[in-house]
file protein22.txt (compact mmCIF, C-alpha atoms)
# COMPACT_ATOMS: atom_id res chain seq x y z
CA MET A 1 -7.11 9.35 -1.51
CA THR A 2 -5.70 10.11 -4.92
CA GLU A 3 -2.05 9.32 -5.62
CA PHE A 4 -1.40 12.44 -7.66
CA ASN A 5 -3.17 15.61 -8.72
CA THR A 6 -2.46 19.00 -10.24
CA SER A 7 -3.98 22.44 -9.85
CA THR A 8 -3.23 25.72 -11.60
CA LYS A 9 -3.23 29.40 -10.77
CA ASN A 10 -2.65 32.50 -12.93
CA ILE A 11 -0.17 35.14 -11.87
CA GLY A 12 -0.38 37.76 -14.61
CA ASP A 13 0.37 35.91 -17.85
CA VAL A 14 2.22 33.13 -16.02
CA ASN A 15 0.45 29.89 -15.14
CA VAL A 16 1.63 28.13 -12.03
CA VAL A 17 1.01 24.37 -11.99
CA TYR A 18 1.07 22.70 -8.57
CA LEU A 19 1.94 19.01 -8.40
CA LYS A 20 0.93 16.94 -5.41
CA GLY A 21 1.68 13.33 -4.51
CA PHE A 22 3.35 10.55 -6.46
CA LEU A 23 4.24 11.01 -10.12
CA ASP A 24 4.95 7.65 -11.79
CA ALA A 25 4.02 5.83 -15.01
CA HIS A 26 0.48 5.44 -13.70
CA THR A 27 -0.10 9.08 -12.85
CA ALA A 28 2.03 10.72 -15.60
CA PRO A 29 -1.02 10.98 -17.94
CA ILE A 30 -2.64 13.36 -15.41
CA LEU A 31 0.29 15.77 -15.83
CA GLU A 32 0.23 15.26 -19.60
CA ASN A 33 -3.42 16.31 -19.64
CA ALA A 34 -2.70 19.37 -17.51
CA PHE A 35 0.11 20.52 -19.86
CA SER A 36 -1.95 19.71 -22.97
CA SER A 37 -4.85 21.75 -21.69
CA LEU A 38 -2.60 24.78 -21.03
CA VAL A 39 -0.89 24.50 -24.42
CA GLU A 40 -4.29 24.27 -26.15
CA GLN A 41 -5.18 27.59 -24.53
CA ASN A 42 -1.90 29.03 -25.85
CA LYS A 43 -0.51 29.29 -22.35
CA TYR A 44 3.20 28.79 -22.66
CA LYS A 45 4.67 30.52 -19.61
CA LEU A 46 4.59 27.82 -17.01
CA VAL A 47 6.01 27.58 -13.52
CA VAL A 48 5.72 24.12 -12.03
CA ASN A 49 5.70 24.22 -8.25
CA LEU A 50 6.87 20.85 -6.88
CA LYS A 51 6.59 21.65 -3.18
CA ASP A 52 4.07 18.88 -2.53
CA LEU A 53 5.52 16.35 -4.94
CA ILE A 54 6.68 13.39 -2.88
CA TYR A 55 7.97 11.09 -5.59
CA ILE A 56 8.93 11.20 -9.27
CA SER A 57 10.11 8.42 -11.58
CA SER A 58 11.47 8.79 -15.11
CA ALA A 59 7.93 8.53 -16.51
CA GLY A 60 7.19 11.82 -14.79
CA LEU A 61 10.33 13.47 -16.14
CA GLY A 62 9.38 12.23 -19.60
CA VAL A 63 6.29 14.47 -19.50
CA PHE A 64 8.47 17.60 -19.10
CA MET A 65 10.63 16.41 -21.99
CA ALA A 66 7.57 15.84 -24.17
CA PHE A 67 6.31 19.43 -23.85
CA ILE A 68 9.39 21.62 -23.47
CA GLU A 69 10.23 21.91 -27.15
CA LYS A 70 6.76 23.01 -28.27
CA ILE A 71 6.49 25.45 -25.35
CA ARG A 72 9.86 27.08 -26.14
CA GLU A 73 8.96 27.32 -29.83
CA HIS A 74 6.18 29.64 -28.67
CA ASN A 75 8.60 31.77 -26.64
CA GLY A 76 7.45 30.14 -23.43
CA ASP A 77 9.22 27.97 -20.89
CA ILE A 78 8.69 25.51 -18.11
CA LYS A 79 10.46 26.74 -14.99
CA LEU A 80 10.58 24.54 -11.92
CA SER A 81 10.37 25.59 -8.30
CA SER A 82 10.31 24.43 -4.69
CA MET A 83 11.32 20.80 -5.18
CA ASN A 84 12.37 18.70 -2.20
CA GLU A 85 15.85 17.20 -2.06
CA LYS A 86 14.75 13.70 -3.02
CA VAL A 87 12.92 14.90 -6.13
CA PHE A 88 15.82 17.23 -7.02
CA ASN A 89 18.25 14.29 -6.85
CA ILE A 90 16.34 12.47 -9.58
CA PHE A 91 16.17 15.59 -11.79
CA ASP A 92 19.88 16.09 -11.17
CA LEU A 93 20.88 12.51 -11.98
CA LEU A 94 19.13 12.80 -15.32
CA GLY A 95 20.81 16.07 -16.21
CA PHE A 96 17.72 18.27 -15.98
CA PRO A 97 19.38 21.28 -14.30
CA LEU A 98 21.18 21.88 -17.62
CA LEU A 99 17.91 22.10 -19.48
CA TYR A 100 15.48 23.65 -17.06
CA GLU A 101 15.74 26.63 -14.75
CA ILE A 102 15.15 25.50 -11.19
CA PHE A 103 14.25 28.01 -8.47
CA ASP A 104 14.06 27.69 -4.68
CA ASN A 105 10.70 29.40 -4.62
CA GLU A 106 7.75 30.08 -6.88
CA GLU A 107 8.02 33.89 -6.70
CA ASP A 108 11.52 33.93 -8.20
CA ALA A 109 10.45 31.59 -10.98
CA VAL A 110 7.44 33.79 -11.84
CA LYS A 111 9.59 36.96 -11.71
CA LYS A 112 12.06 35.43 -14.14
CA PHE A 113 9.36 35.48 -16.83
CA SER A 114 8.86 39.24 -16.48
CA GLY A 115 12.65 39.62 -16.60
CA ASP A 116 12.68 37.63 -19.83
CA LYS A 117 10.45 40.23 -21.53
CA LYS A 118 13.09 42.93 -21.51
CA MET B 119 -5.64 -3.18 -7.14
CA ASN B 120 -3.77 -5.39 -4.71
CA LYS B 121 -4.78 -3.85 -1.45
CA SER B 122 -3.76 -6.70 0.85
CA VAL B 123 -0.03 -7.07 0.40
CA ASN B 124 1.54 -9.62 2.69
CA LEU B 125 4.62 -7.81 3.89
CA ASN B 126 5.86 -10.91 5.71
CA SER B 127 6.38 -12.75 2.46
CA ASN B 128 9.52 -12.29 0.39
CA LYS B 129 7.56 -12.57 -2.82
CA LEU B 130 4.98 -10.29 -4.37
CA VAL B 131 2.98 -11.24 -7.45
CA VAL B 132 0.95 -8.48 -9.08
CA LYS B 133 -0.73 -7.96 -12.43
CA SER B 134 1.07 -5.90 -15.05
CA SER B 135 -0.88 -2.68 -14.47
CA THR B 136 0.85 0.61 -13.66
CA ALA B 137 -1.83 0.97 -10.95
CA ASN B 138 0.17 -1.65 -9.04
CA LEU B 139 3.41 0.39 -9.00
CA ILE B 140 2.39 1.94 -5.70
CA THR B 141 1.90 -1.55 -4.18
CA ILE B 142 5.31 -2.62 -5.50
CA ARG B 143 6.98 0.48 -4.02
CA LYS B 144 5.39 -0.15 -0.60
CA PHE B 145 6.56 -3.77 -0.64
CA ILE B 146 10.14 -2.84 -1.59
CA ASN B 147 10.23 0.02 0.91
CA SER B 148 9.23 -2.32 3.73
CA LYS B 149 11.76 -5.02 2.76
CA ALA B 150 14.69 -2.64 2.22
CA SER B 151 13.92 -0.88 5.47
CA SER B 152 13.93 -4.19 7.43
CA PHE B 153 17.30 -5.05 5.88
CA GLY B 154 18.81 -1.92 7.41
CA PHE B 155 19.32 0.50 4.53
CA THR B 156 19.31 4.26 5.10
CA GLU B 157 16.42 6.42 3.96
CA ASN B 158 18.38 7.53 0.86
CA GLU B 159 19.37 3.99 -0.05
CA ILE B 160 15.76 2.83 0.31
CA GLU B 161 14.69 5.59 -2.08
CA ASP B 162 17.34 4.48 -4.61
CA ILE B 163 16.13 0.89 -4.44
CA VAL B 164 12.44 1.82 -4.63
CA ILE B 165 12.82 4.00 -7.74
CA SER B 166 15.04 1.38 -9.44
CA VAL B 167 12.42 -1.33 -8.94
CA ASP B 168 9.68 1.07 -10.10
CA GLU B 169 11.69 1.75 -13.30
CA ALA B 170 12.32 -1.97 -13.90
CA CYS B 171 8.64 -2.83 -13.46
CA THR B 172 7.49 0.13 -15.59
CA ASN B 173 9.76 -1.07 -18.40
CA ILE B 174 8.38 -4.60 -18.13
CA ILE B 175 4.76 -3.38 -18.20
CA GLU B 176 5.36 -1.04 -21.14
CA HIS B 177 7.77 -3.07 -23.25
CA SER B 178 7.58 -6.74 -22.29
CA TYR B 179 3.80 -6.76 -21.86
CA ASN B 180 3.10 -3.84 -24.25
CA SER B 181 1.01 -2.12 -21.56
CA LYS B 182 -1.46 -5.03 -21.30
CA PRO B 183 -2.54 -5.11 -17.65
CA ASN B 184 -3.46 -8.77 -17.05
CA PHE B 185 -0.15 -10.55 -16.94
CA ASP B 186 1.94 -11.58 -13.96
CA LEU B 187 4.88 -9.70 -12.54
CA GLU B 188 6.77 -11.71 -9.90
CA ILE B 189 8.98 -9.82 -7.52
CA SER B 190 11.16 -11.78 -5.08
CA ILE B 191 13.59 -10.57 -2.47
CA ILE B 192 16.75 -12.62 -2.01
CA LEU B 193 18.99 -11.81 0.93
CA SER B 194 22.56 -13.02 0.73
CA LYS B 195 24.97 -11.82 3.41
CA ASN B 196 25.16 -8.05 2.82
CA LYS B 197 23.43 -8.24 -0.57
CA PHE B 198 19.81 -7.23 -1.07
CA ILE B 199 18.69 -8.69 -4.38
CA ILE B 200 15.38 -8.02 -6.10
CA LYS B 201 14.50 -10.58 -8.76
CA ILE B 202 11.73 -9.57 -11.16
CA VAL B 203 10.34 -12.17 -13.55
CA ASP B 204 7.87 -11.64 -16.39
CA TYR B 205 6.49 -13.84 -19.16
CA GLY B 206 6.21 -11.21 -21.88
CA GLU B 207 8.15 -10.55 -25.06
CA SER B 208 11.75 -11.71 -25.10
CA PHE B 209 14.50 -9.20 -25.71
CA GLU B 210 18.22 -9.05 -26.28
CA PRO B 211 19.78 -7.79 -23.02
CA ASP B 212 22.84 -6.48 -24.87
CA THR B 213 20.67 -3.92 -26.66
CA LEU B 214 20.24 -2.12 -23.33
CA LYS B 215 23.47 -0.20 -23.73
CA ASP B 216 24.69 2.39 -21.30
CA MET B 217 23.29 5.70 -22.35
CA ASP B 218 25.00 9.01 -22.90
CA ILE B 219 22.86 11.45 -20.94
CA GLU B 220 24.01 14.50 -22.92
CA LEU B 221 23.27 12.83 -26.22
CA TYR B 222 19.95 11.78 -24.80
CA HIS B 223 18.96 15.38 -24.13
CA LYS B 224 20.22 16.55 -27.50
CA GLN B 225 18.01 14.00 -29.18
CA ARG B 226 15.17 14.76 -26.77
CA ARG B 227 14.15 11.15 -26.62
CA VAL B 228 11.39 10.24 -24.21
CA GLY B 229 11.77 6.89 -22.50
CA GLY B 230 14.94 4.95 -21.77
CA LEU B 231 15.83 7.04 -18.74
CA GLY B 232 14.78 4.20 -16.43
CA VAL B 233 17.64 1.88 -17.33
CA TYR B 234 20.11 4.70 -16.75
CA LEU B 235 18.64 5.39 -13.31
CA MET B 236 18.72 1.71 -12.32
CA LYS B 237 22.33 1.29 -13.38
CA THR B 238 23.34 4.47 -11.58
CA LEU B 239 21.51 3.80 -8.32
CA MET B 240 22.05 0.05 -7.89
CA ASP B 241 25.32 -1.85 -7.46
CA GLU B 242 24.42 -4.41 -10.10
CA VAL B 243 21.73 -4.83 -12.75
CA LYS B 244 21.59 -8.13 -14.58
CA TYR B 245 19.20 -9.14 -17.34
CA LYS B 246 18.36 -12.57 -18.60
CA SER B 247 15.88 -13.40 -21.33
CA VAL B 248 14.94 -17.00 -22.18
CA LYS B 249 13.16 -16.89 -25.51
CA ASN B 250 9.44 -17.66 -25.31
CA LYS B 251 9.76 -18.57 -21.63
CA TYR B 252 10.57 -15.69 -19.31
CA ASN B 253 12.61 -12.56 -18.73
CA GLN B 254 14.40 -11.83 -15.53
CA VAL B 255 16.06 -8.76 -14.09
CA MET B 256 18.13 -8.93 -10.90
CA LEU B 257 18.84 -5.69 -9.09
CA THR B 258 21.44 -5.79 -6.32
CA LYS B 259 22.20 -3.25 -3.61
CA ILE B 260 24.99 -3.89 -1.13
CA LEU B 261 24.55 -2.93 2.50
CA THR B 262 27.66 -1.08 3.64
CA ASN B 263 28.01 -0.33 7.32

call {"tool": "encode", "arguments": {"input": "protein22.txt", "output": "structure tokens"}}
result
Amino acid sequence: MTEFNTSTKNIGDVNVVYLKGFLDAHTAPILENAFSSLVEQNKYKLVVNLKDLIYISSAGLGVFMAFIEKIREHNGDIKLSSMNEKVFNIFDLLGFPLLYEIFDNEEDAVKKFSGDKK
Amino acid sequence: MNKSVNLNSNKLVVKSSTANLITIRKFINSKASSFGFTENEIEDIVISVDEACTNIIEHSYNSKPNFDLEISIILSKNKFIIKIVDYGESFEPDTLKDMDIELYHKQRRVGGLGVYLMKTLMDEVKYKSVKNKYNQVMLTKILTN
């Protein structure tokens, strides 16, 4: 059983990244690779669906911090969706709701990108 | 990987690899749960210990995976204390100042969030560094009920 994995899906020009399992200092490089691979393909409109993320430590949050600037420079964004209460608490403690748009569900997060075009 | 963790013992010794964070979290979860903490309190303790150990692995041992990390649980009345000892690089505990989270985001620094989390989620965080001998961090959570 793997501790953590990611998968991606395209919805129009938005890429949804699904996180599953435990995101800590050991597994953070897996998420780094997933973001790097998308950025290399010039994919900058990302929705990260955290429905199946059980645990996150600051090493995991550091990955979002490492990519957000470059992604926004290319008129993209990382929008977050579907996180459980425990994971939200950690994001909240570290002030992330001020920096990232957080949605209850994936559909709203994806829609927000089409709204941004106008 | 340390697959056989003795959950009856109050001490866990693992090598300084991030692969062992999951073992550390299981150990702490079991101990904090036996002590009577709520689910939320257990989560606070588990992430704090994860952050402390991650910092030791990355900074004290410079991400070298073959050194010892000793984690002991000390129970004193209503206090649940986790003592973590390492034999890596010494540091000046006073340099671990309280961080300004807004300033942190403005500067977009990566790393350093762990200490903030520990200090926020635990009742007490104490560092001790004895030059060329050992470093110690004591994390305390008080059981209130």

call {"tool": "closest_atom_pairs", "arguments": {"input": "protein22.txt", "of": "chain B", "to": "chain A", "cutoff": "6 Å", "atoms": "only C-alpha atoms", "output": "tab-separated table"}}
result
residue	atom	partner	partner_atom	distance
B:Thr136	CA	A:His26	CA	4.8
B:Ala137	CA	A:His26	CA	5.7
B:Val228	CA	A:Gly62	CA	5.4
B:Leu231	CA	A:Ser58	CA	5.9
B:Gly232	CA	A:Ser58	CA	5.8

call {"tool": "atom_distance", "arguments": {"input": "protein22.txt", "atom1": "CA of Gln254 in chain B", "atom2": "CA of Ser134 in chain B"}}
result
14.6 Å

call {"tool": "closest_residue", "arguments": {"input": "protein22.txt", "among": "B:Asp168, B:Lys197, B:Tyr245, B:Lys251", "to": "Leu23 in chain A", "atoms": "all atoms listed in the file"}}
result
B:Asp168

call {"tool": "closest_residue", "arguments": {"input": "protein22.txt", "among": "A:Lys70, A:Lys9, A:Lys20, A:Lys111", "to": "Leu53 in chain A", "atoms": "all atoms listed in the file"}}
result
A:Lys20

call {"tool": "atom_distance", "arguments": {"input": "protein22.txt", "atom1": "CA of Ile142 in chain B", "atom2": "CA of Met256 in chain B"}}
result
15.3 Å

call {"tool": "atom_distance", "arguments": {"input": "protein22.txt", "atom1": "CA of Asn158 in chain B", "atom2": "CA of Asp186 in chain B"}}
result
29.2 Å

call {"tool": "residues_around", "arguments": {"input": "protein22.txt", "residues": "Lys43 in chain A", "least_positions_apart": "4", "cutoff": "9 Å", "atoms": "all atoms listed in the file", "output": "list in words"}}
result
Asp13, Val14, Asn15, Ser37, Leu38, Val39, Ile71 and Gly76 of chain A
